$ cat run-v1.cif   # mmCIF, C-alpha atoms and all ligand atoms
data_work
#
loop_
_atom_site.group_PDB
_atom_site.id
_atom_site.type_symbol
_atom_site.label_atom_id
_atom_site.label_comp_id
_atom_site.auth_asym_id
_atom_site.auth_seq_id
_atom_site.Cartn_x
_atom_site.Cartn_y
_atom_site.Cartn_z
ATOM 1 C CA MET A 1 -2.006 9.605 -15.154
ATOM 2 C CA SER A 2 -5.273 10.672 -13.457
ATOM 3 C CA ALA A 3 -5.309 12.247 -9.975
ATOM 4 C CA PRO A 4 -4.816 9.744 -7.142
ATOM 5 C CA LEU A 5 -7.809 8.637 -5.090
ATOM 6 C CA ARG A 6 -7.530 10.542 -1.821
ATOM 7 C CA ILE A 7 -8.642 8.851 1.407
ATOM 8 C CA ASP A 8 -8.744 10.540 4.829
ATOM 9 C CA VAL A 9 -9.625 8.516 7.910
ATOM 10 C CA ILE A 10 -10.545 10.086 11.262
ATOM 11 C CA THR A 11 -10.287 7.763 14.265
ATOM 12 C CA ILE A 12 -9.305 7.645 17.921
ATOM 13 C CA PHE A 13 -7.065 4.648 17.110
ATOM 14 C CA PRO A 14 -4.784 5.728 14.236
ATOM 15 C CA ASP A 15 -2.576 2.643 14.736
ATOM 16 C CA TYR A 16 -5.534 0.439 13.817
ATOM 17 C CA LEU A 17 -5.222 1.693 10.236
ATOM 18 C CA ALA A 18 -1.524 0.769 9.858
ATOM 19 C CA PRO A 19 -2.335 -2.134 7.465
ATOM 20 C CA LEU A 20 -3.371 0.437 4.853
ATOM 21 C CA GLY A 21 0.372 0.891 4.264
ATOM 22 C CA LEU A 22 0.915 -2.812 3.434
ATOM 23 C CA SER A 23 0.627 -4.995 0.349
ATOM 24 C CA LEU A 24 -1.133 -3.677 -2.758
ATOM 25 C CA LEU A 25 -2.529 -0.589 -1.023
ATOM 26 C CA GLY A 26 0.929 0.382 0.236
ATOM 27 C CA LYS A 27 2.338 -0.132 -3.254
ATOM 28 C CA ALA A 28 -0.486 1.949 -4.758
ATOM 29 C CA GLN A 29 0.456 4.797 -2.413
ATOM 30 C CA ARG A 30 4.123 4.576 -3.344
ATOM 31 C CA GLU A 31 3.143 4.634 -7.020
ATOM 32 C CA GLY A 32 0.946 7.714 -6.588
ATOM 33 C CA LEU A 33 -2.365 5.968 -7.368
ATOM 34 C CA LEU A 34 -3.696 6.409 -3.864
ATOM 35 C CA GLU A 35 -3.149 8.969 -1.077
ATOM 36 C CA VAL A 36 -4.071 7.952 2.475
ATOM 37 C CA GLN A 37 -3.972 10.204 5.549
ATOM 38 C CA VAL A 38 -5.015 8.957 8.977
ATOM 39 C CA HIS A 39 -5.993 11.575 11.587
ATOM 40 C CA ASP A 40 -6.382 11.306 15.361
ATOM 41 C CA LEU A 41 -9.742 12.762 16.404
ATOM 42 C CA ARG A 42 -8.211 13.679 19.758
ATOM 43 C CA ASP A 43 -6.071 16.308 18.010
ATOM 44 C CA TRP A 44 -9.285 18.376 17.874
ATOM 45 C CA THR A 45 -9.993 18.226 21.631
ATOM 46 C CA HIS A 46 -9.000 21.003 24.057
ATOM 47 C CA ASP A 47 -9.057 19.476 27.520
ATOM 48 C CA ARG A 48 -6.329 17.745 29.470
ATOM 49 C CA HIS A 49 -7.889 14.300 28.993
ATOM 50 C CA ARG A 50 -8.504 14.801 25.253
ATOM 51 C CA THR A 51 -12.135 13.809 25.756
ATOM 52 C CA VAL A 52 -14.191 12.680 22.772
ATOM 53 C CA ASP A 53 -17.225 11.091 24.511
ATOM 54 C CA ASP A 54 -19.861 11.783 27.117
ATOM 55 C CA SER A 55 -22.940 10.135 28.630
ATOM 56 C CA PRO A 56 -26.090 9.900 26.492
ATOM 57 C CA TYR A 57 -28.886 12.426 26.953
ATOM 58 C CA GLY A 58 -32.008 10.526 28.005
ATOM 59 C CA GLY A 59 -29.922 7.953 29.865
ATOM 60 C CA GLY A 60 -28.975 4.443 28.869
ATOM 61 C CA ALA A 61 -25.844 2.368 28.616
ATOM 62 C CA GLY A 62 -22.519 3.404 27.147
ATOM 63 C CA MET A 63 -21.058 6.679 25.942
ATOM 64 C CA VAL A 64 -21.698 8.802 22.867
ATOM 65 C CA MET A 65 -19.077 10.629 20.773
ATOM 66 C CA ARG A 66 -19.384 14.377 21.286
ATOM 67 C CA PRO A 67 -20.178 16.543 18.267
ATOM 68 C CA ASP A 68 -17.619 19.285 18.996
ATOM 69 C CA PRO A 69 -14.355 17.414 18.226
ATOM 70 C CA TRP A 70 -16.028 15.799 15.221
ATOM 71 C CA GLY A 71 -17.146 19.222 13.953
ATOM 72 C CA GLU A 72 -13.661 20.707 14.246
ATOM 73 C CA ALA A 73 -12.014 17.670 12.666
ATOM 74 C CA LEU A 74 -14.440 17.463 9.738
ATOM 75 C CA ASP A 75 -14.286 21.234 9.090
ATOM 76 C CA ALA A 76 -10.469 21.096 9.012
ATOM 77 C CA ILE A 77 -10.159 17.979 6.855
ATOM 78 C CA CYS A 78 -13.073 18.515 4.473
ATOM 79 C CA GLY A 79 -11.984 22.139 3.950
ATOM 80 C CA SER A 80 -8.337 21.262 3.335
ATOM 81 C CA ARG A 81 -8.587 20.996 -0.455
ATOM 82 C CA PRO A 82 -10.158 24.182 -1.831
ATOM 83 C CA GLY A 83 -12.356 23.556 -4.863
ATOM 84 C CA GLN A 84 -12.765 19.853 -4.049
ATOM 85 C CA THR A 85 -15.704 18.170 -2.346
ATOM 86 C CA PRO A 86 -15.216 14.970 -0.369
ATOM 87 C CA HIS A 87 -17.692 12.123 -0.104
ATOM 88 C CA LEU A 88 -18.126 11.544 3.610
ATOM 89 C CA ILE A 89 -18.538 7.934 4.763
ATOM 90 C CA VAL A 90 -19.595 6.997 8.263
ATOM 91 C CA PRO A 91 -19.477 3.228 8.856
ATOM 92 C CA GLY A 92 -22.390 2.011 10.967
ATOM 93 C CA PRO A 93 -24.398 -1.194 11.482
ATOM 94 C CA GLY A 94 -27.593 0.730 10.706
ATOM 95 C CA GLY A 95 -26.333 1.987 7.329
ATOM 96 C CA ASP A 96 -26.930 0.940 3.745
ATOM 97 C CA PRO A 97 -25.160 -2.324 2.879
ATOM 98 C CA PHE A 98 -21.630 -1.843 1.529
ATOM 99 C CA THR A 99 -21.605 -3.887 -1.682
ATOM 100 C CA GLN A 100 -19.369 -4.335 -4.719
ATOM 101 C CA GLU A 101 -21.683 -1.940 -6.555
ATOM 102 C CA VAL A 102 -21.151 0.769 -3.915
ATOM 103 C CA ALA A 103 -17.384 0.111 -3.971
ATOM 104 C CA THR A 104 -17.356 0.515 -7.746
ATOM 105 C CA GLU A 105 -19.301 3.799 -7.603
ATOM 106 C CA LEU A 106 -16.966 5.218 -4.946
ATOM 107 C CA ALA A 107 -13.828 4.095 -6.812
ATOM 108 C CA THR A 108 -15.088 5.585 -10.060
ATOM 109 C CA ASP A 109 -16.876 8.782 -9.091
ATOM 110 C CA ALA A 110 -15.727 10.121 -5.745
ATOM 111 C CA GLY A 111 -12.064 11.125 -6.087
ATOM 112 C CA TRP A 112 -11.888 11.995 -2.374
ATOM 113 C CA LEU A 113 -13.296 9.951 0.510
ATOM 114 C CA VAL A 114 -13.354 10.992 4.165
ATOM 115 C CA PHE A 115 -14.137 8.164 6.607
ATOM 116 C CA ALA A 116 -15.337 8.956 10.143
ATOM 117 C CA CYS A 117 -14.838 6.027 12.533
ATOM 118 C CA GLY A 118 -17.352 5.855 15.354
ATOM 119 C CA ARG A 119 -16.697 4.145 18.707
ATOM 120 C CA TYR A 120 -18.762 3.575 21.876
ATOM 121 C CA GLU A 121 -22.496 3.911 21.110
ATOM 122 C CA GLY A 122 -21.724 5.969 18.012
ATOM 123 C CA ILE A 123 -21.534 9.660 17.044
ATOM 124 C CA ASP A 124 -24.000 12.378 18.168
ATOM 125 C CA GLU A 125 -26.737 12.485 15.497
ATOM 126 C CA ARG A 126 -26.297 16.227 14.941
ATOM 127 C CA VAL A 127 -22.959 15.551 13.241
ATOM 128 C CA TYR A 128 -24.788 13.574 10.526
ATOM 129 C CA ASP A 129 -27.421 16.339 10.192
ATOM 130 C CA GLU A 130 -24.774 19.068 9.891
ATOM 131 C CA TYR A 131 -22.535 17.388 7.307
ATOM 132 C CA ARG A 132 -25.311 15.820 5.250
ATOM 133 C CA GLU A 133 -26.297 19.392 4.374
ATOM 134 C CA ARG A 134 -22.758 20.206 3.236
ATOM 135 C CA TYR A 135 -21.397 17.093 1.527
ATOM 136 C CA PRO A 136 -22.534 13.815 -0.006
ATOM 137 C CA LEU A 137 -22.695 11.588 3.089
ATOM 138 C CA SER A 138 -23.236 7.826 3.193
ATOM 139 C CA VAL A 139 -23.726 5.679 6.259
ATOM 140 C CA LEU A 140 -22.493 2.243 5.199
ATOM 141 C CA SER A 141 -22.689 -1.098 6.964
ATOM 142 C CA LEU A 142 -20.258 -3.954 6.554
ATOM 143 C CA GLY A 143 -22.930 -6.504 7.499
ATOM 144 C CA ASP A 144 -25.644 -7.358 9.955
ATOM 145 C CA TYR A 145 -23.508 -7.576 13.064
ATOM 146 C CA VAL A 146 -21.973 -5.053 15.471
ATOM 147 C CA LEU A 147 -18.259 -4.238 15.622
ATOM 148 C CA ASN A 148 -16.597 -2.240 18.405
ATOM 149 C CA GLY A 149 -15.626 0.585 16.071
ATOM 150 C CA GLY A 150 -15.551 1.796 12.485
ATOM 151 C CA GLU A 151 -11.849 1.020 11.920
ATOM 152 C CA VAL A 152 -12.269 -2.588 10.771
ATOM 153 C CA ALA A 153 -15.068 -1.473 8.454
ATOM 154 C CA VAL A 154 -12.823 1.240 6.987
ATOM 155 C CA LEU A 155 -10.034 -1.285 6.354
ATOM 156 C CA ALA A 156 -12.464 -3.553 4.498
ATOM 157 C CA MET A 157 -14.129 -0.757 2.536
ATOM 158 C CA THR A 158 -10.858 0.926 1.602
ATOM 159 C CA GLU A 159 -9.411 -2.312 0.300
ATOM 160 C CA ALA A 160 -12.536 -3.132 -1.726
ATOM 161 C CA ILE A 161 -12.630 0.399 -3.203
ATOM 162 C CA ALA A 162 -8.914 0.910 -3.827
ATOM 163 C CA ARG A 163 -8.418 -2.377 -5.707
ATOM 164 C CA LEU A 164 -10.912 -1.088 -8.291
ATOM 165 C CA VAL A 165 -8.806 2.002 -9.014
ATOM 166 C CA PRO A 166 -7.099 1.446 -12.389
ATOM 167 C CA GLY A 167 -3.480 0.334 -11.935
ATOM 168 C CA VAL A 168 -3.798 -0.850 -8.318
ATOM 169 C CA LEU A 169 -4.143 -4.557 -9.183
ATOM 170 C CA GLY A 170 -1.290 -6.118 -11.101
ATOM 171 C CA ASN A 171 -3.707 -7.968 -13.386
ATOM 172 C CA GLU A 172 -6.980 -6.137 -14.031
ATOM 173 C CA ALA A 173 -8.405 -9.120 -15.919
ATOM 174 C CA SER A 174 -8.810 -10.746 -12.494
ATOM 175 C CA LEU A 175 -11.627 -8.254 -11.782
ATOM 176 C CA GLU A 176 -13.710 -9.460 -14.712
ATOM 177 C CA GLU A 177 -15.100 -12.762 -13.450
ATOM 178 C CA GLU A 178 -14.836 -12.166 -9.746
ATOM 179 C CA SER A 179 -17.561 -12.900 -7.250
ATOM 180 C CA HIS A 180 -20.120 -10.089 -7.213
ATOM 181 C CA THR A 181 -19.176 -8.926 -10.690
ATOM 182 C CA GLY A 182 -22.005 -9.611 -13.125
ATOM 183 C CA GLY A 183 -24.194 -10.944 -10.318
ATOM 184 C CA LEU A 184 -22.591 -14.394 -9.863
ATOM 185 C CA LEU A 185 -20.006 -15.891 -7.514
ATOM 186 C CA GLU A 186 -16.631 -16.950 -8.928
ATOM 187 C CA TYR A 187 -15.961 -20.494 -10.183
ATOM 188 C CA PRO A 188 -13.583 -22.762 -8.179
ATOM 189 C CA VAL A 189 -9.882 -22.252 -8.923
ATOM 190 C CA TYR A 190 -6.972 -24.755 -8.960
ATOM 191 C CA THR A 191 -3.198 -24.735 -9.405
ATOM 192 C CA LYS A 192 -0.288 -27.215 -9.414
ATOM 193 C CA PRO A 193 0.137 -30.053 -8.627
ATOM 194 C CA PRO A 194 -2.521 -31.694 -10.835
ATOM 195 C CA ARG A 195 -3.017 -34.429 -8.224
ATOM 196 C CA TRP A 196 -2.897 -33.715 -4.480
ATOM 197 C CA ARG A 197 -3.822 -36.325 -1.814
ATOM 198 C CA ASP A 198 -5.677 -38.336 -4.485
ATOM 199 C CA ARG A 199 -7.671 -35.275 -5.489
ATOM 200 C CA GLU A 200 -7.539 -34.417 -9.171
ATOM 201 C CA VAL A 201 -7.904 -31.055 -10.860
ATOM 202 C CA PRO A 202 -11.043 -31.215 -13.087
ATOM 203 C CA PRO A 203 -9.704 -32.631 -16.402
ATOM 204 C CA VAL A 204 -11.311 -29.883 -18.516
ATOM 205 C CA LEU A 205 -8.924 -27.333 -16.974
ATOM 206 C CA LEU A 206 -5.940 -29.352 -18.275
ATOM 207 C CA SER A 207 -7.448 -29.792 -21.754
ATOM 208 C CA GLY A 208 -6.193 -26.512 -23.223
ATOM 209 C CA HIS A 209 -9.623 -26.090 -24.842
ATOM 210 C CA HIS A 210 -10.548 -22.466 -24.101
ATOM 211 C CA GLY A 211 -14.203 -22.761 -25.167
ATOM 212 C CA GLN A 212 -14.845 -25.797 -22.975
ATOM 213 C CA ILE A 213 -13.038 -24.209 -20.044
ATOM 214 C CA ALA A 214 -15.160 -21.057 -20.345
ATOM 215 C CA SER A 215 -18.414 -23.103 -20.475
ATOM 216 C CA TRP A 216 -17.353 -25.215 -17.494
ATOM 217 C CA ARG A 217 -16.481 -22.121 -15.476
ATOM 218 C CA HIS A 218 -19.768 -20.429 -16.305
ATOM 219 C CA ALA A 219 -21.720 -23.548 -15.296
ATOM 220 C CA GLN A 220 -19.755 -23.660 -12.015
ATOM 221 C CA ARG A 221 -20.584 -20.009 -11.321
ATOM 222 C CA ILE A 222 -24.285 -20.724 -11.788
ATOM 223 C CA GLU A 223 -24.199 -23.903 -9.688
ATOM 224 C CA ARG A 224 -22.230 -22.287 -6.869
ATOM 225 C CA THR A 225 -24.369 -19.167 -6.778
ATOM 226 C CA ALA A 226 -27.616 -21.174 -6.768
ATOM 227 C CA ALA A 227 -26.327 -23.401 -3.941
ATOM 228 C CA ARG A 228 -24.782 -20.730 -1.727
ATOM 229 C CA ARG A 229 -26.668 -17.536 -2.507
ATOM 230 C CA PRO A 230 -30.197 -18.137 -3.777
ATOM 231 C CA ASP A 231 -30.847 -14.396 -3.269
ATOM 232 C CA LEU A 232 -28.143 -13.520 -5.823
ATOM 233 C CA MET A 233 -29.341 -16.249 -8.181
ATOM 234 C CA GLN A 234 -32.873 -14.888 -8.163
ATOM 235 C CA ALA A 235 -31.602 -11.387 -8.961
ATOM 236 C CA TYR A 236 -29.342 -12.773 -11.715
ATOM 237 C CA GLU A 237 -32.220 -14.682 -13.311
ATOM 238 C CA GLY A 238 -34.336 -11.518 -13.157
ATOM 239 C CA THR A 239 -31.712 -9.413 -14.952
ATOM 240 C CA SER A 240 -30.736 -12.064 -17.505
ATOM 241 C CA LYS A 241 -34.409 -12.320 -18.644
ATOM 242 C CA ASP A 242 -34.564 -8.546 -19.423
HETATM 243 N N1 LIG B 301 -24.913 1.502 19.183
HETATM 244 C C1 LIG B 301 -24.691 1.321 17.784
HETATM 245 C C2 LIG B 301 -25.900 0.623 17.161
HETATM 246 O O1 LIG B 301 -26.500 -0.210 17.820
HETATM 247 O O2 LIG B 301 -26.182 0.880 15.966
HETATM 248 C C3 LIG B 301 -23.443 0.478 17.555
HETATM 249 C C4 LIG B 301 -22.180 1.194 17.860
HETATM 250 S S1 LIG B 301 -20.759 0.221 17.558
HETATM 251 C C5 LIG B 301 -20.494 -0.522 19.107
HETATM 252 C C6 LIG B 301 -19.473 1.417 17.413
HETATM 253 C C7 LIG B 301 -19.079 1.781 16.015
HETATM 254 O O3 LIG B 301 -18.652 0.626 15.328
HETATM 255 C C8 LIG B 301 -20.146 2.386 15.142
HETATM 256 O O4 LIG B 301 -20.303 3.765 15.383
HETATM 257 C C9 LIG B 301 -19.565 2.130 13.749
HETATM 258 O O5 LIG B 301 -18.595 3.091 13.430
HETATM 259 C C10 LIG B 301 -18.851 0.799 13.934
HETATM 260 N N2 LIG B 301 -19.611 -0.369 13.451
HETATM 261 C C11 LIG B 301 -20.179 -1.324 14.217
HETATM 262 N N3 LIG B 301 -20.754 -2.263 13.485
HETATM 263 C C12 LIG B 301 -20.572 -1.923 12.188
HETATM 264 C C13 LIG B 301 -20.956 -2.493 10.939
HETATM 265 N N4 LIG B 301 -21.661 -3.605 10.886
HETATM 266 N N5 LIG B 301 -20.601 -1.854 9.815
HETATM 267 C C14 LIG B 301 -19.901 -0.712 9.862
HETATM 268 N N6 LIG B 301 -19.500 -0.119 11.012
HETATM 269 C C15 LIG B 301 -19.832 -0.708 12.167
#
$ encode --input "run-v1.cif" --output "structure tokens"
Amino acid sequence: MSAPLRIDVITIFPDYLAPLGLSLLGKAQREGLLEVQVHDLRDWTHDRHRTVDDSPYGGGAGMVMRPDPWGEALDAICGSRPGQTPHLIVPGPGGDPFTQEVATELATDAGWLVFACGRYEGIDERVYDEYRERYPLSVLSLGDYVLNGGEVAVLAMTEAIARLVPGVLGNEASLEEESHTGGLLEYPVYTKPPRWRDREVPPVLLSGHHGQIASWRHAQRIERTAARRPDLMQAYEGTSKD
């Protein structure tokens, strides 16, 4: 078995990350496919109030996370595995979009991810400058909206990445035709009963004819993608012409 994917998360709300121990991700940890450690940033403060923020230089609303606890925390955690280099991920609304492609790269190549969860108005910019010189560092956005902190983004990113680690999903075939794999959205899915409130399952799915089912599903993927995500459809048409 290959080495487990290691994930460290630094946050001022460790309890927020409790769901990482549930469901498939919890099982993956028990099976040794994934190792998750959540750290409280305040453990690297030295004052009575365990302060992690201060007012912004230049004025303005809100508070900014101080660089000194972040520096101590990142030095301790990123240096904790001699000979190994983490990929540092800082969630932020101004980052590169977090996509299935990015999730796949991180699941396949990184081996060790350290997530730094910002709060307030974000983290002092010098922390990015310092650690970008020392490690691969990505600022990644969950979408074009603003959350209160990085924790929700880390939950989403961790789940998307970890389910791509071989062995984490019970049935890896389910990855093959998923939305955002191969550039199209997934086809609609149905289960029993065959008739529910006068609504029938499309008859082709009950036909047992694998070829016809595959063609129907492909046509549904195209139709759904064109209707809901013209941007994806345009990209798909571009690549399928090459
Ligand atoms: N003042 C910052 C700005 O306008 O870019 C927003 C700070 S936000 C209130 C606090 C933290 O939430 C950020 O440091 C980041 O960790 C997280 N966050 C907010 N929106 C996010 C998003 N769309 N994707 C990823 N992380 C996000």
$ residues_around --input "run-v1.cif" --residues "Ala226 (chain A)" --least-positions-apart "5" --cutoff "10 Å" --atoms "all atoms listed in the file" --output "ChimeraX atom specification"
/A:184-185,220-221,231-234,236
$ closest_residue --input "run-v1.cif" --among "A:Arg126, A:Arg163, A:Arg228, A:Arg119" --to "ligand LIG 301 (chain B)" --atoms "all atoms listed in the file"
A:Arg119
$ resolve_selection --input "run-v1.cif" --expression "the PyMOL selection byres (((not hetatm)) within 9 of (chain B and resi 301))" --output "MDAnalysis selection string"
chainID A and resid 62 64:65 90:95 97:98 116:123 139:154
$ atom_distance --input "run-v1.cif" --atom1 "CA of Ile161 (chain A)" --atom2 "CA of Leu106 (chain A)"
6.7 Å
$ axis_aligned_box --input "run-v1.cif" --around "region 206-217 of chain A" --padding-each-side "5 Å" --output "JSON"
{"center_x": -12.2, "center_y": -25.4, "center_z": -20.3, "size_x": 22.5, "size_y": 18.7, "size_z": 19.7}
$ residues_near_point --input "run-v1.cif" --point "(-4.8, 10.2, 1.6)" --cutoff "6 Å" --atoms "only C-alpha atoms" --output "ChimeraX atom specification"
/A:6-8,35-37
$ atom_distance --input "run-v1.cif" --atom1 "CA of Arg42 (chain A)" --atom2 "CA of Ile12 (chain A)"
6.4 Å
$ atom_distance --input "run-v1.cif" --atom1 "CA of Ala3 (chain A)" --atom2 "CA of Val102 (chain A)"
20.5 Å
$ residues_around --input "run-v1.cif" --residues "region 17-30 of chain A" --least-positions-apart "6" --cutoff "9 Å" --atoms "all atoms listed in the file" --output "PDB file with C-alpha atoms, in the coordinates of the input"
ATOM      1  CA  PRO A   4      -4.816   9.744  -7.142  1.00  0.00           C
ATOM      2  CA  VAL A   9      -9.625   8.516   7.910  1.00  0.00           C
ATOM      3  CA  THR A  11     -10.287   7.763  14.265  1.00  0.00           C
ATOM      4  CA  VAL A  36      -4.071   7.952   2.475  1.00  0.00           C
ATOM      5  CA  VAL A  38      -5.015   8.957   8.977  1.00  0.00           C
ATOM      6  CA  GLU A 151     -11.849   1.020  11.920  1.00  0.00           C
ATOM      7  CA  VAL A 152     -12.269  -2.588  10.771  1.00  0.00           C
ATOM      8  CA  VAL A 154     -12.823   1.240   6.987  1.00  0.00           C
ATOM      9  CA  LEU A 155     -10.034  -1.285   6.354  1.00  0.00           C
ATOM     10  CA  THR A 158     -10.858   0.926   1.602  1.00  0.00           C
ATOM     11  CA  GLU A 159      -9.411  -2.312   0.300  1.00  0.00           C
ATOM     12  CA  ALA A 162      -8.914   0.910  -3.827  1.00  0.00           C
ATOM     13  CA  ARG A 163      -8.418  -2.377  -5.707  1.00  0.00           C
ATOM     14  CA  GLY A 167      -3.480   0.334 -11.935  1.00  0.00           C
ATOM     15  CA  VAL A 168      -3.798  -0.850  -8.318  1.00  0.00           C
ATOM     16  CA  LEU A 169      -4.143  -4.557  -9.183  1.00  0.00           C
ATOM     17  CA  GLY A 170      -1.290  -6.118 -11.101  1.00  0.00           C
TER      18      GLY A 170
END
$ closest_residue --input "run-v1.cif" --among "A:Ile10, A:Ile222, A:Val165, A:Ala73" --to "Glu237 (chain A)" --atoms "only C-alpha atoms"
A:Ile222
$ resolve_selection --input "run-v1.cif" --expression "the PyMOL selection byres (((chain A and resi 186-203) around 12) and not hetatm)" --output "ChimeraX atom specification"
/A:174-185,204-209,212-226,228-229
$ residues_around --input "run-v1.cif" --residues "Cys78 (chain A)" --least-positions-apart "4" --cutoff "10 Å" --atoms "only C-alpha atoms" --output "list of chain:residue names"
A:Asp8, A:Ala73, A:Leu74, A:Pro82, A:Gln84, A:Thr85, A:Pro86, A:His87, A:Leu88, A:Trp112, A:Leu113, A:Val114, A:Tyr131, A:Arg134, A:Tyr135
$ closest_residue --input "run-v1.cif" --among "A:Gly111, A:His46, A:Ser138, A:Tyr16" --to "Ser2 (chain A)" --atoms "all atoms listed in the file"
A:Gly111
$ closest_residue --input "run-v1.cif" --among "A:Glu125, A:Asp68, A:Asp15, A:Asp54" --to "His39 (chain A)" --atoms "all atoms listed in the file"
A:Asp15
$ resolve_selection --input "run-v1.cif" --expression "the PyMOL selection byres (((chain A and resi 45) around 12) and not hetatm)" --output "JSON list (two decimals) with C-alpha atoms, in the frame of the given file"
[["chain", "number", "residue", "atom", "x", "y", "z"],
["A", 12, "ILE", "CA", -9.30, 7.64, 17.92],
["A", 40, "ASP", "CA", -6.38, 11.31, 15.36],
["A", 41, "LEU", "CA", -9.74, 12.76, 16.40],
["A", 42, "ARG", "CA", -8.21, 13.68, 19.76],
["A", 43, "ASP", "CA", -6.07, 16.31, 18.01],
["A", 44, "TRP", "CA", -9.28, 18.38, 17.87],
["A", 46, "HIS", "CA", -9.00, 21.00, 24.06],
["A", 47, "ASP", "CA", -9.06, 19.48, 27.52],
["A", 48, "ARG", "CA", -6.33, 17.74, 29.47],
["A", 49, "HIS", "CA", -7.89, 14.30, 28.99],
["A", 50, "ARG", "CA", -8.50, 14.80, 25.25],
["A", 51, "THR", "CA", -12.14, 13.81, 25.76],
["A", 52, "VAL", "CA", -14.19, 12.68, 22.77],
["A", 53, "ASP", "CA", -17.23, 11.09, 24.51],
["A", 65, "MET", "CA", -19.08, 10.63, 20.77],
["A", 66, "ARG", "CA", -19.38, 14.38, 21.29],
["A", 67, "PRO", "CA", -20.18, 16.54, 18.27],
["A", 68, "ASP", "CA", -17.62, 19.28, 19.00],
["A", 69, "PRO", "CA", -14.36, 17.41, 18.23],
["A", 70, "TRP", "CA", -16.03, 15.80, 15.22],
["A", 71, "GLY", "CA", -17.15, 19.22, 13.95],
["A", 72, "GLU", "CA", -13.66, 20.71, 14.25],
["A", 73, "ALA", "CA", -12.01, 17.67, 12.67]]
$ decode --input "run-v1.cif" --residues "region 109-120 of chain A" --atoms "N, CA, C and O atoms" --output "compact mmCIF listing (two decimals), in the first residue's frame"
# COMPACT_ATOMS: atom_id res chain seq x y z
N ASP A 109 -0.36 14.20 -6.77
CA ASP A 109 1.05 14.58 -6.71
C ASP A 109 1.55 14.99 -5.33
O ASP A 109 2.74 14.88 -5.04
N ALA A 110 0.67 15.54 -4.48
CA ALA A 110 1.21 16.26 -3.33
C ALA A 110 1.72 15.35 -2.22
O ALA A 110 2.84 15.55 -1.74
N GLY A 111 0.96 14.39 -1.78
CA GLY A 111 1.41 13.54 -0.67
C GLY A 111 1.21 14.15 0.70
O GLY A 111 0.93 13.45 1.67
N TRP A 112 1.38 15.48 0.81
CA TRP A 112 1.25 16.15 2.11
C TRP A 112 0.71 17.55 1.89
O TRP A 112 1.34 18.36 1.19
N LEU A 113 -0.45 17.83 2.45
CA LEU A 113 -1.09 19.15 2.29
C LEU A 113 -1.20 19.82 3.65
O LEU A 113 -1.62 19.19 4.62
N VAL A 114 -0.82 21.09 3.70
CA VAL A 114 -1.02 21.88 4.93
C VAL A 114 -1.96 23.03 4.59
O VAL A 114 -1.65 23.85 3.72
N PHE A 115 -3.13 23.05 5.23
CA PHE A 115 -4.12 24.10 4.99
C PHE A 115 -4.04 25.15 6.10
O PHE A 115 -4.02 24.79 7.29
N ALA A 116 -4.03 26.42 5.72
CA ALA A 116 -4.00 27.52 6.68
C ALA A 116 -5.31 28.29 6.57
O ALA A 116 -5.57 28.93 5.56
N CYS A 117 -6.14 28.21 7.61
CA CYS A 117 -7.47 28.83 7.56
C CYS A 117 -7.41 30.27 8.06
O CYS A 117 -7.17 30.52 9.24
N GLY A 118 -7.71 31.19 7.16
CA GLY A 118 -7.78 32.60 7.56
C GLY A 118 -9.11 32.89 8.21
O GLY A 118 -10.09 32.16 8.06
N ARG A 119 -9.14 33.97 8.98
CA ARG A 119 -10.38 34.54 9.57
C ARG A 119 -10.27 36.05 9.50
O ARG A 119 -9.25 36.57 9.06
N TYR A 120 -11.23 36.76 9.97
CA TYR A 120 -11.26 38.24 9.97
C TYR A 120 -11.04 38.75 8.53
O TYR A 120 -11.62 38.19 7.61
